[in-house]
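Participant: Contents of final28.cif (mmCIF, N, CA and C atoms) are given next:
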data_protein
#
loop_
_atom_site.group_PDB
_atom_site.id
_atom_site.type_symbol
_atom_site.label_atom_id
_atom_site.label_comp_id
_atom_site.auth_asym_id
_atom_site.auth_seq_id
_atom_site.Cartn_x
_atom_site.Cartn_y
_atom_site.Cartn_z
ATOM 1 N N MET A 718 118.748 66.561 100.404
ATOM 2 C CA MET A 718 117.927 66.961 99.265
ATOM 3 C C MET A 718 116.650 66.130 99.258
ATOM 4 N N ALA A 719 115.583 66.716 98.839
ATOM 5 C CA ALA A 719 114.300 66.021 98.812
ATOM 6 C C ALA A 719 114.317 64.909 97.774
ATOM 7 N N ASP A 720 113.482 63.921 98.001
ATOM 8 C CA ASP A 720 113.458 62.804 97.063
ATOM 9 C C ASP A 720 112.531 63.052 95.889
ATOM 10 N N ARG A 721 111.701 64.099 95.961
ATOM 11 C CA ARG A 721 110.819 64.423 94.842
ATOM 12 C C ARG A 721 111.366 65.629 94.098
ATOM 13 N N LEU A 722 111.372 65.567 92.790
ATOM 14 C CA LEU A 722 111.880 66.656 91.962
ATOM 15 C C LEU A 722 110.801 67.095 90.985
ATOM 16 N N TYR A 723 110.919 68.324 90.528
ATOM 17 C CA TYR A 723 110.025 68.791 89.458
ATOM 18 C C TYR A 723 110.351 68.011 88.196
ATOM 19 N N THR A 724 109.337 67.539 87.529
ATOM 20 C CA THR A 724 109.578 66.811 86.275
ATOM 21 C C THR A 724 108.885 67.464 85.095
ATOM 22 N N ASP A 725 107.886 68.271 85.339
ATOM 23 C CA ASP A 725 107.136 68.868 84.237
ATOM 24 C C ASP A 725 107.469 70.346 84.101
ATOM 25 N N ARG A 726 108.744 70.631 83.977
ATOM 26 C CA ARG A 726 109.185 72.014 83.895
ATOM 27 C C ARG A 726 109.661 72.335 82.483
ATOM 28 N N HIS A 727 109.825 73.588 82.231
ATOM 29 C CA HIS A 727 110.343 74.055 80.953
ATOM 30 C C HIS A 727 111.741 73.483 80.733
ATOM 31 N N PRO A 728 112.103 73.144 79.493
ATOM 32 C CA PRO A 728 113.405 72.516 79.256
ATOM 33 C C PRO A 728 114.606 73.382 79.653
ATOM 34 N N ASP A 729 114.452 74.694 79.666
ATOM 35 C CA ASP A 729 115.575 75.554 80.027
ATOM 36 C C ASP A 729 115.808 75.632 81.532
ATOM 37 N N ILE A 730 114.873 75.131 82.314
ATOM 38 C CA ILE A 730 114.986 75.215 83.765
ATOM 39 C C ILE A 730 115.526 73.897 84.288
ATOM 40 N N ARG A 731 116.472 74.007 85.233
ATOM 41 C CA ARG A 731 117.075 72.798 85.791
ATOM 42 C C ARG A 731 116.031 71.980 86.534
ATOM 43 N N ASP A 732 116.188 70.659 86.491
ATOM 44 C CA ASP A 732 115.239 69.763 87.136
ATOM 45 C C ASP A 732 115.689 69.310 88.516
ATOM 46 N N ASP A 733 116.742 69.888 89.063
ATOM 47 C CA ASP A 733 117.207 69.432 90.369
ATOM 48 C C ASP A 733 116.689 70.304 91.512
ATOM 49 N N VAL A 734 115.619 71.068 91.246
ATOM 50 C CA VAL A 734 115.024 71.903 92.282
ATOM 51 C C VAL A 734 114.057 71.042 93.078
ATOM 52 N N PRO A 735 114.256 70.908 94.383
ATOM 53 C CA PRO A 735 113.361 70.053 95.161
ATOM 54 C C PRO A 735 111.957 70.629 95.243
ATOM 55 N N MET A 736 110.983 69.746 95.223
ATOM 56 C CA MET A 736 109.578 70.141 95.302
ATOM 57 C C MET A 736 109.082 69.914 96.718
ATOM 58 N N LYS A 737 108.363 70.875 97.270
ATOM 59 C CA LYS A 737 107.825 70.706 98.612
ATOM 60 C C LYS A 737 106.676 69.712 98.600
ATOM 61 N N HIS A 738 106.605 68.953 99.638
ATOM 62 C CA HIS A 738 105.499 68.017 99.797
ATOM 63 C C HIS A 738 104.241 68.813 100.121
ATOM 64 N N PRO A 739 103.078 68.437 99.555
ATOM 65 C CA PRO A 739 101.854 69.217 99.791
ATOM 66 C C PRO A 739 101.462 69.299 101.267
ATOM 67 N N ASN A 740 101.816 68.304 102.060
ATOM 68 C CA ASN A 740 101.432 68.305 103.472
ATOM 69 C C ASN A 740 102.485 68.954 104.363
ATOM 70 N N GLU A 741 103.563 69.474 103.760
ATOM 71 C CA GLU A 741 104.609 70.104 104.556
ATOM 72 C C GLU A 741 104.069 71.395 105.168
ATOM 73 N N PRO A 742 104.323 71.621 106.462
ATOM 74 C CA PRO A 742 103.772 72.825 107.099
ATOM 75 C C PRO A 742 104.398 74.096 106.534
ATOM 76 N N LYS A 743 103.596 75.162 106.542
ATOM 77 C CA LYS A 743 104.076 76.444 106.056
ATOM 78 C C LYS A 743 105.060 77.042 107.058
ATOM 79 N N ALA A 744 105.881 77.948 106.569
ATOM 80 C CA ALA A 744 106.787 78.657 107.461
ATOM 81 C C ALA A 744 105.969 79.515 108.421
ATOM 82 N N TRP A 745 106.535 79.853 109.550
ATOM 83 C CA TRP A 745 105.792 80.583 110.592
ATOM 84 C C TRP A 745 105.293 81.932 110.113
ATOM 85 N N ILE A 746 105.973 82.541 109.164
ATOM 86 C CA ILE A 746 105.592 83.883 108.725
ATOM 87 C C ILE A 746 104.310 83.864 107.891
ATOM 88 N N TYR A 747 103.952 82.717 107.312
ATOM 89 C CA TYR A 747 102.787 82.649 106.442
ATOM 90 C C TYR A 747 101.504 82.295 107.180
ATOM 91 N N LYS A 748 101.592 82.012 108.451
ATOM 92 C CA LYS A 748 100.387 81.686 109.211
ATOM 93 C C LYS A 748 99.665 82.981 109.567
ATOM 94 N N PRO A 749 98.367 83.056 109.283
ATOM 95 C CA PRO A 749 97.617 84.293 109.524
ATOM 96 C C PRO A 749 97.707 84.784 110.974
ATOM 97 N N LYS A 750 97.743 83.869 111.924
ATOM 98 C CA LYS A 750 97.831 84.264 113.333
ATOM 99 C C LYS A 750 99.127 85.030 113.593
ATOM 100 N N ASN A 751 100.228 84.592 113.001
ATOM 101 C CA ASN A 751 101.514 85.259 113.215
ATOM 102 C C ASN A 751 101.589 86.596 112.489
ATOM 103 N N ILE A 752 100.956 86.681 111.331
ATOM 104 C CA ILE A 752 100.921 87.956 110.608
ATOM 105 C C ILE A 752 100.157 88.984 111.432
ATOM 106 N N THR A 753 99.044 88.564 112.025
ATOM 107 C CA THR A 753 98.272 89.460 112.889
ATOM 108 C C THR A 753 99.106 89.898 114.085
ATOM 109 N N ARG A 754 99.858 88.992 114.667
ATOM 110 C CA ARG A 754 100.721 89.342 115.801
ATOM 111 C C ARG A 754 101.770 90.379 115.403
ATOM 112 N N ILE A 755 102.366 90.207 114.242
ATOM 113 C CA ILE A 755 103.382 91.147 113.772
ATOM 114 C C ILE A 755 102.770 92.531 113.569
ATOM 115 N N VAL A 756 101.596 92.575 112.935
ATOM 116 C CA VAL A 756 100.932 93.859 112.680
ATOM 117 C C VAL A 756 100.602 94.556 113.991
ATOM 118 N N TYR A 757 100.053 93.818 114.959
ATOM 119 C CA TYR A 757 99.725 94.425 116.253
ATOM 120 C C TYR A 757 100.978 94.849 117.009
ATOM 121 N N THR A 758 102.065 94.115 116.845
ATOM 122 C CA THR A 758 103.321 94.507 117.483
ATOM 123 C C THR A 758 103.827 95.829 116.907
ATOM 124 N N VAL A 759 103.745 95.986 115.592
ATOM 125 C CA VAL A 759 104.167 97.247 114.965
ATOM 126 C C VAL A 759 103.268 98.392 115.427
ATOM 127 N N TYR A 760 101.938 98.150 115.452
ATOM 128 C CA TYR A 760 101.013 99.180 115.927
ATOM 129 C C TYR A 760 101.319 99.564 117.371
ATOM 130 N N GLY A 761 101.568 98.574 118.215
ATOM 131 C CA GLY A 761 101.871 98.840 119.613
ATOM 132 C C GLY A 761 103.153 99.629 119.784
ATOM 133 N N THR A 762 104.175 99.271 119.009
ATOM 134 C CA THR A 762 105.446 99.994 119.072
ATOM 135 C C THR A 762 105.261 101.449 118.653
ATOM 136 N N CYS A 763 104.505 101.672 117.591
ATOM 137 C CA CYS A 763 104.237 103.051 117.150
ATOM 138 C C CYS A 763 103.479 103.824 118.221
ATOM 139 N N ALA A 764 102.493 103.180 118.866
ATOM 140 C CA ALA A 764 101.719 103.854 119.901
ATOM 141 C C ALA A 764 102.600 104.214 121.097
ATOM 142 N N VAL A 765 103.466 103.298 121.511
ATOM 143 C CA VAL A 765 104.360 103.575 122.641
ATOM 144 C C VAL A 765 105.303 104.725 122.304
ATOM 145 N N LEU A 766 105.860 104.698 121.106
ATOM 146 C CA LEU A 766 106.767 105.782 120.709
ATOM 147 C C LEU A 766 106.033 107.124 120.659
ATOM 148 N N LEU A 767 104.800 107.113 120.227
ATOM 149 C CA LEU A 767 104.022 108.344 120.183
ATOM 150 C C LEU A 767 103.691 108.841 121.594
ATOM 151 N N LEU A 768 103.444 107.916 122.514
ATOM 152 C CA LEU A 768 103.121 108.306 123.887
ATOM 153 C C LEU A 768 104.329 108.852 124.647
ATOM 154 N N ILE A 769 105.520 108.340 124.350
ATOM 155 C CA ILE A 769 106.696 108.847 125.071
ATOM 156 C C ILE A 769 107.313 110.062 124.387
ATOM 157 N N ASP A 770 106.766 110.459 123.253
ATOM 158 C CA ASP A 770 107.315 111.596 122.509
ATOM 159 C C ASP A 770 107.386 112.889 123.336
ATOM 160 N N PRO A 771 106.386 113.230 124.147
ATOM 161 C CA PRO A 771 106.493 114.488 124.924
ATOM 162 C C PRO A 771 107.606 114.470 125.969
ATOM 163 N N PHE A 772 108.065 113.292 126.366
ATOM 164 C CA PHE A 772 109.068 113.189 127.415
ATOM 165 C C PHE A 772 110.499 113.161 126.882
ATOM 166 N N VAL A 773 110.657 113.179 125.580
ATOM 167 C CA VAL A 773 111.979 113.135 124.955
ATOM 168 C C VAL A 773 112.402 114.560 124.615
ATOM 169 N N HIS A 774 113.603 114.927 125.048
ATOM 170 C CA HIS A 774 114.111 116.267 124.749
ATOM 171 C C HIS A 774 114.610 116.297 123.306
ATOM 172 N N LYS A 775 114.102 117.245 122.536
ATOM 173 C CA LYS A 775 114.469 117.346 121.119
ATOM 174 C C LYS A 775 115.384 118.545 120.903
ATOM 175 N N HIS A 776 116.251 118.431 119.932
ATOM 176 C CA HIS A 776 117.182 119.516 119.605
ATOM 177 C C HIS A 776 116.898 120.016 118.190
ATOM 178 N N GLY A 777 115.655 120.408 117.924
ATOM 179 C CA GLY A 777 115.282 120.845 116.593
ATOM 180 C C GLY A 777 115.658 122.289 116.332
ATOM 181 N N TYR A 778 115.890 122.598 115.072
ATOM 182 C CA TYR A 778 116.220 123.966 114.680
ATOM 183 C C TYR A 778 114.979 124.842 114.613
ATOM 184 N N PHE A 779 113.847 124.229 114.279
ATOM 185 C CA PHE A 779 112.614 124.997 114.115
ATOM 186 C C PHE A 779 111.632 124.641 115.220
ATOM 187 N N GLU A 780 110.760 125.572 115.542
ATOM 188 C CA GLU A 780 109.802 125.375 116.633
ATOM 189 C C GLU A 780 108.802 124.261 116.318
ATOM 190 N N ILE A 781 108.479 124.080 115.052
ATOM 191 C CA ILE A 781 107.499 123.053 114.680
ATOM 192 C C ILE A 781 108.007 121.651 115.017
ATOM 193 N N GLU A 782 109.315 121.468 115.075
ATOM 194 C CA GLU A 782 109.874 120.156 115.385
ATOM 195 C C GLU A 782 109.606 119.735 116.825
ATOM 196 N N HIS A 783 109.211 120.657 117.669
ATOM 197 C CA HIS A 783 108.958 120.343 119.070
ATOM 198 C C HIS A 783 107.507 119.956 119.324
ATOM 199 N N LEU A 784 106.667 119.989 118.304
ATOM 200 C CA LEU A 784 105.265 119.607 118.478
ATOM 201 C C LEU A 784 105.144 118.105 118.699
ATOM 202 N N TRP A 785 104.082 117.709 119.418
ATOM 203 C CA TRP A 785 103.838 116.305 119.732
ATOM 204 C C TRP A 785 103.538 115.519 118.449
ATOM 205 N N GLY A 786 104.285 114.455 118.197
ATOM 206 C CA GLY A 786 104.052 113.593 117.044
ATOM 207 C C GLY A 786 104.499 114.169 115.722
ATOM 208 N N PHE A 787 105.301 115.222 115.740
ATOM 209 C CA PHE A 787 105.697 115.876 114.492
ATOM 210 C C PHE A 787 106.413 114.921 113.548
ATOM 211 N N TYR A 788 107.370 114.165 114.063
ATOM 212 C CA TYR A 788 108.176 113.305 113.185
ATOM 213 C C TYR A 788 107.357 112.161 112.589
ATOM 214 N N GLY A 789 106.400 111.663 113.342
ATOM 215 C CA GLY A 789 105.520 110.629 112.809
ATOM 216 C C GLY A 789 104.632 111.160 111.696
ATOM 217 N N ILE A 790 104.070 112.333 111.926
ATOM 218 C CA ILE A 790 103.213 112.958 110.906
ATOM 219 C C ILE A 790 104.036 113.337 109.681
ATOM 220 N N TYR A 791 105.205 113.899 109.928
ATOM 221 C CA TYR A 791 106.097 114.279 108.835
ATOM 222 C C TYR A 791 106.496 113.057 107.997
ATOM 223 N N GLY A 792 106.806 111.946 108.666
ATOM 224 C CA GLY A 792 107.173 110.723 107.954
ATOM 225 C C GLY A 792 106.018 110.160 107.153
ATOM 226 N N PHE A 793 104.802 110.211 107.722
ATOM 227 C CA PHE A 793 103.630 109.709 107.003
ATOM 228 C C PHE A 793 103.350 110.542 105.759
ATOM 229 N N ILE A 794 103.378 111.857 105.908
ATOM 230 C CA ILE A 794 103.136 112.740 104.758
ATOM 231 C C ILE A 794 104.212 112.546 103.698
ATOM 232 N N GLY A 795 105.461 112.391 104.130
ATOM 233 C CA GLY A 795 106.545 112.149 103.175
ATOM 234 C C GLY A 795 106.371 110.843 102.417
ATOM 235 N N SER A 796 105.924 109.791 103.112
ATOM 236 C CA SER A 796 105.709 108.500 102.454
ATOM 237 C C SER A 796 104.572 108.585 101.440
ATOM 238 N N VAL A 797 103.486 109.248 101.812
ATOM 239 C CA VAL A 797 102.365 109.413 100.884
ATOM 240 C C VAL A 797 102.820 110.194 99.651
ATOM 241 N N PHE A 798 103.601 111.244 99.864
ATOM 242 C CA PHE A 798 104.116 112.031 98.743
ATOM 243 C C PHE A 798 104.982 111.166 97.818
ATOM 244 N N LEU A 799 105.854 110.333 98.389
ATOM 245 C CA LEU A 799 106.714 109.481 97.565
ATOM 246 C C LEU A 799 105.902 108.496 96.726
ATOM 247 N N VAL A 800 104.860 107.922 97.309
ATOM 248 C CA VAL A 800 104.023 106.983 96.555
ATOM 249 C C VAL A 800 103.316 107.692 95.417
ATOM 250 N N LEU A 801 102.755 108.854 95.692
ATOM 251 C CA LEU A 801 102.053 109.592 94.638
ATOM 252 C C LEU A 801 103.012 110.066 93.552
ATOM 253 N N ALA A 802 104.216 110.490 93.934
ATOM 254 C CA ALA A 802 105.207 110.905 92.941
ATOM 255 C C ALA A 802 105.645 109.727 92.089
ATOM 256 N N ALA A 803 105.800 108.560 92.697
ATOM 257 C CA ALA A 803 106.202 107.375 91.931
ATOM 258 C C ALA A 803 105.125 106.975 90.935
ATOM 259 N N LYS A 804 103.863 107.116 91.320
ATOM 260 C CA LYS A 804 102.776 106.802 90.386
ATOM 261 C C LYS A 804 102.804 107.734 89.179
ATOM 262 N N GLU A 805 103.123 108.997 89.405
ATOM 263 C CA GLU A 805 103.196 109.946 88.296
ATOM 264 C C GLU A 805 104.431 109.696 87.431
ATOM 265 N N LEU A 806 105.553 109.377 88.053
ATOM 266 C CA LEU A 806 106.779 109.083 87.290
ATOM 267 C C LEU A 806 106.609 107.849 86.405
ATOM 268 N N ARG A 807 105.756 106.958 86.817
ATOM 269 C CA ARG A 807 105.522 105.734 86.046
ATOM 270 C C ARG A 807 105.028 106.054 84.639
ATOM 271 N N ARG A 808 104.267 107.118 84.504
ATOM 272 C CA ARG A 808 103.761 107.505 83.179
ATOM 273 C C ARG A 808 104.904 107.787 82.202
ATOM 274 N N PHE A 809 105.991 108.375 82.719
ATOM 275 C CA PHE A 809 107.106 108.749 81.854
ATOM 276 C C PHE A 809 108.125 107.624 81.677
ATOM 277 N N LEU A 810 108.284 106.802 82.678
ATOM 278 C CA LEU A 810 109.353 105.810 82.668
ATOM 279 C C LEU A 810 108.923 104.419 82.229
ATOM 280 N N GLN A 811 107.636 104.137 82.222
ATOM 281 C CA GLN A 811 107.169 102.798 81.901
ATOM 282 C C GLN A 811 107.375 102.486 80.420
ATOM 283 N N LYS A 812 107.903 101.304 80.171
ATOM 284 C CA LYS A 812 108.116 100.838 78.804
ATOM 285 C C LYS A 812 106.986 99.899 78.411
ATOM 286 N N PRO A 813 106.750 99.731 77.109
ATOM 287 C CA PRO A 813 105.718 98.776 76.690
ATOM 288 C C PRO A 813 106.075 97.350 77.133
ATOM 289 N N GLU A 814 105.077 96.510 77.202
ATOM 290 C CA GLU A 814 105.274 95.147 77.696
ATOM 291 C C GLU A 814 106.244 94.374 76.824
ATOM 292 N N ASP A 815 106.275 94.627 75.526
ATOM 293 C CA ASP A 815 107.171 93.871 74.638
ATOM 294 C C ASP A 815 108.439 94.674 74.295
ATOM 295 N N TYR A 816 108.873 95.547 75.184
ATOM 296 C CA TYR A 816 110.024 96.424 74.923
ATOM 297 C C TYR A 816 111.299 95.631 74.653
ATOM 298 N N TYR A 817 111.530 94.555 75.383
ATOM 299 C CA TYR A 817 112.767 93.812 75.242
ATOM 300 C C TYR A 817 112.654 92.641 74.262
ATOM 301 N N ASP A 818 111.525 92.425 73.654
ATOM 302 C CA ASP A 818 111.378 91.344 72.686
ATOM 303 C C ASP A 818 112.151 91.645 71.420
ATOM 304 N N ASP A 819 112.631 90.587 70.786
ATOM 305 C CA ASP A 819 113.303 90.749 69.493
ATOM 306 C C ASP A 819 112.280 91.094 68.444
ATOM 307 N N LYS A 820 112.649 92.057 67.615
ATOM 308 C CA LYS A 820 111.691 92.474 66.585
ATOM 309 C C LYS A 820 112.169 92.057 65.230
#
What is this structure when it is put down as structure tokens?
Facilitator:
Amino acid sequence: MADRLYTDRHPDIRDDVPMKHPNEPKAWIYKPKNITRIVYTVYGTCAVLLLIDPFVHKHGYFEIEHLWGFYGIYGFIGSVFLVLAAKELRRFLQKPEDYYDDK
């Protein structure tokens, strides 16, 4: 356990949570260079999968499923639709900020 503890915390919060030293190095995932590597790796993987798509035999029920890049385009359109639908549903489902406060 670390030798430094939080001391200026709210009384309801336990004080035995160790505090990170300011000079302690960040985890590898938070370094901008590694984030860029991850993003380029995902882009590269998507590009490779798109390039090998014509060479993969598909067993689709409909002719449109045999088009080049169909599943990628279909997935992208589906994701965009889900985001837009969620934004609209928010209007109906969102509660006021003080909904759970005692009145």
Participant: Neighbours of Asp770 of chain A within 8 Å (all atoms listed in the file; same-chain residues fewer than 5 positions away dropped), as a list in words?
Facilitator: Ala764, Val765, Leu784, Trp785, Gly786 and Phe787 of chain A
Participant: Would you work out the distance separating atom C of Cys763 of chain A from atom N of Tyr788 of chain A, expressed in Å to one decimal?
Facilitator: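 Going from atom C of Cys763 of chain A over to atom N of Tyr788 of chain A, I get 11.8 Å.
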Participant: What is the atom C of Tyr747 of chain A to atom C of Gly761 of chain A distance in Å?
Facilitator: 21.5 Å
Participant: Tell me, in Å to one decimal, how far atom CA of Pro813 of chain A is from atom CA of Leu799 of chain A.
Facilitator: 23.5 Å
Participant: DSSP says helix (DSSP H, G or I) for which residues of chain A? Put them as JSON, numbers by chain?
Facilitator: {"A": [745, 746, 747, 749, 750, 751, 752, 753, 754, 755, 756, 757, 758, 759, 760, 761, 762, 763, 764, 765, 766, 767, 768, 769, 770, 771, 772, 780, 781, 782, 783, 787, 788, 789, 790, 791, 792, 793, 794, 795, 796, 797, 798, 799, 800, 801, 802, 803, 804, 805, 806, 807, 808, 809, 810]}
Participant: Taking the partial coordinates given, rebuild segment 758-781 of chain A to contain N, CA, C and O atoms; return it as an mmCIF file, keeping the file's coordinate frame.
Facilitator:
data_model
loop_
_atom_site.group_PDB
_atom_site.id
_atom_site.type_symbol
_atom_site.label_atom_id
_atom_site.label_comp_id
_atom_site.auth_asym_id
_atom_site.auth_seq_id
_atom_site.Cartn_x
_atom_site.Cartn_y
_atom_site.Cartn_z
ATOM 1 N N THR A 758 102.065 94.115 116.845
ATOM 2 C CA THR A 758 103.321 94.507 117.483
ATOM 3 C C THR A 758 103.827 95.829 116.907
ATOM 4 O O THR A 758 104.283 96.716 117.649
ATOM 5 N N VAL A 759 103.745 95.986 115.592
ATOM 6 C CA VAL A 759 104.167 97.247 114.965
ATOM 7 C C VAL A 759 103.268 98.392 115.427
ATOM 8 O O VAL A 759 103.749 99.479 115.763
ATOM 9 N N TYR A 760 101.938 98.150 115.452
ATOM 10 C CA TYR A 760 101.013 99.180 115.927
ATOM 11 C C TYR A 760 101.319 99.564 117.371
ATOM 12 O O TYR A 760 101.320 100.745 117.733
ATOM 13 N N GLY A 761 101.568 98.574 118.215
ATOM 14 C CA GLY A 761 101.871 98.840 119.613
ATOM 15 C C GLY A 761 103.153 99.629 119.784
ATOM 16 O O GLY A 761 103.227 100.559 120.595
ATOM 17 N N THR A 762 104.175 99.271 119.009
ATOM 18 C CA THR A 762 105.446 99.994 119.072
ATOM 19 C C THR A 762 105.261 101.449 118.653
ATOM 20 O O THR A 762 105.789 102.361 119.305
ATOM 21 N N CYS A 763 104.505 101.672 117.591
ATOM 22 C CA CYS A 763 104.237 103.051 117.150
ATOM 23 C C CYS A 763 103.479 103.824 118.221
ATOM 24 O O CYS A 763 103.773 104.995 118.478
ATOM 25 N N ALA A 764 102.493 103.180 118.866
ATOM 26 C CA ALA A 764 101.719 103.854 119.901
ATOM 27 C C ALA A 764 102.600 104.214 121.097
ATOM 28 O O ALA A 764 102.510 105.331 121.627
ATOM 29 N N VAL A 765 103.466 103.298 121.511
ATOM 30 C CA VAL A 765 104.360 103.575 122.641
ATOM 31 C C VAL A 765 105.303 104.725 122.304
ATOM 32 O O VAL A 765 105.523 105.634 123.123
ATOM 33 N N LEU A 766 105.860 104.698 121.106
ATOM 34 C CA LEU A 766 106.767 105.782 120.709
ATOM 35 C C LEU A 766 106.033 107.124 120.659
ATOM 36 O O LEU A 766 106.599 108.157 121.020
ATOM 37 N N LEU A 767 104.800 107.113 120.227
ATOM 38 C CA LEU A 767 104.022 108.344 120.183
ATOM 39 C C LEU A 767 103.691 108.841 121.594
ATOM 40 O O LEU A 767 103.688 110.048 121.852
ATOM 41 N N LEU A 768 103.444 107.916 122.514
ATOM 42 C CA LEU A 768 103.121 108.306 123.887
ATOM 43 C C LEU A 768 104.329 108.852 124.647
ATOM 44 O O LEU A 768 104.180 109.727 125.503
ATOM 45 N N ILE A 769 105.520 108.340 124.350
ATOM 46 C CA ILE A 769 106.696 108.847 125.071
ATOM 47 C C ILE A 769 107.313 110.062 124.387
ATOM 48 O O ILE A 769 108.263 110.648 124.910
ATOM 49 N N ASP A 770 106.766 110.459 123.253
ATOM 50 C CA ASP A 770 107.315 111.596 122.509
ATOM 51 C C ASP A 770 107.386 112.889 123.336
ATOM 52 O O ASP A 770 108.391 113.593 123.254
ATOM 53 N N PRO A 771 106.386 113.230 124.147
ATOM 54 C CA PRO A 771 106.493 114.488 124.924
ATOM 55 C C PRO A 771 107.606 114.470 125.969
ATOM 56 O O PRO A 771 108.043 115.527 126.423
ATOM 57 N N PHE A 772 108.065 113.292 126.366
ATOM 58 C CA PHE A 772 109.068 113.189 127.415
ATOM 59 C C PHE A 772 110.499 113.161 126.882
ATOM 60 O O PHE A 772 111.439 113.092 127.659
ATOM 61 N N VAL A 773 110.657 113.179 125.580
ATOM 62 C CA VAL A 773 111.979 113.135 124.955
ATOM 63 C C VAL A 773 112.402 114.560 124.615
ATOM 64 O O VAL A 773 111.659 115.301 123.963
ATOM 65 N N HIS A 774 113.603 114.927 125.048
ATOM 66 C CA HIS A 774 114.111 116.267 124.749
ATOM 67 C C HIS A 774 114.610 116.297 123.306
ATOM 68 O O HIS A 774 115.435 115.479 122.905
ATOM 69 N N LYS A 775 114.102 117.245 122.536
ATOM 70 C CA LYS A 775 114.469 117.346 121.119
ATOM 71 C C LYS A 775 115.384 118.545 120.903
ATOM 72 O O LYS A 775 115.276 119.547 121.591
ATOM 73 N N HIS A 776 116.251 118.431 119.932
ATOM 74 C CA HIS A 776 117.182 119.516 119.605
ATOM 75 C C HIS A 776 116.898 120.016 118.190
ATOM 76 O O HIS A 776 117.773 120.030 117.339
ATOM 77 N N GLY A 777 115.655 120.408 117.924
ATOM 78 C CA GLY A 777 115.282 120.845 116.593
ATOM 79 C C GLY A 777 115.658 122.289 116.332
ATOM 80 O O GLY A 777 115.742 123.117 117.237
ATOM 81 N N TYR A 778 115.890 122.598 115.072
ATOM 82 C CA TYR A 778 116.220 123.966 114.680
ATOM 83 C C TYR A 778 114.979 124.842 114.613
ATOM 84 O O TYR A 778 115.033 126.032 114.830
ATOM 85 N N PHE A 779 113.847 124.229 114.279
ATOM 86 C CA PHE A 779 112.614 124.997 114.115
ATOM 87 C C PHE A 779 111.632 124.641 115.220
ATOM 88 O O PHE A 779 111.614 123.524 115.737
ATOM 89 N N GLU A 780 110.760 125.572 115.542
ATOM 90 C CA GLU A 780 109.802 125.375 116.633
ATOM 91 C C GLU A 780 108.802 124.261 116.318
ATOM 92 O O GLU A 780 108.339 123.570 117.221
ATOM 93 N N ILE A 781 108.479 124.080 115.052
ATOM 94 C CA ILE A 781 107.499 123.053 114.680
ATOM 95 C C ILE A 781 108.007 121.651 115.017
ATOM 96 O O ILE A 781 107.216 120.735 115.252
#
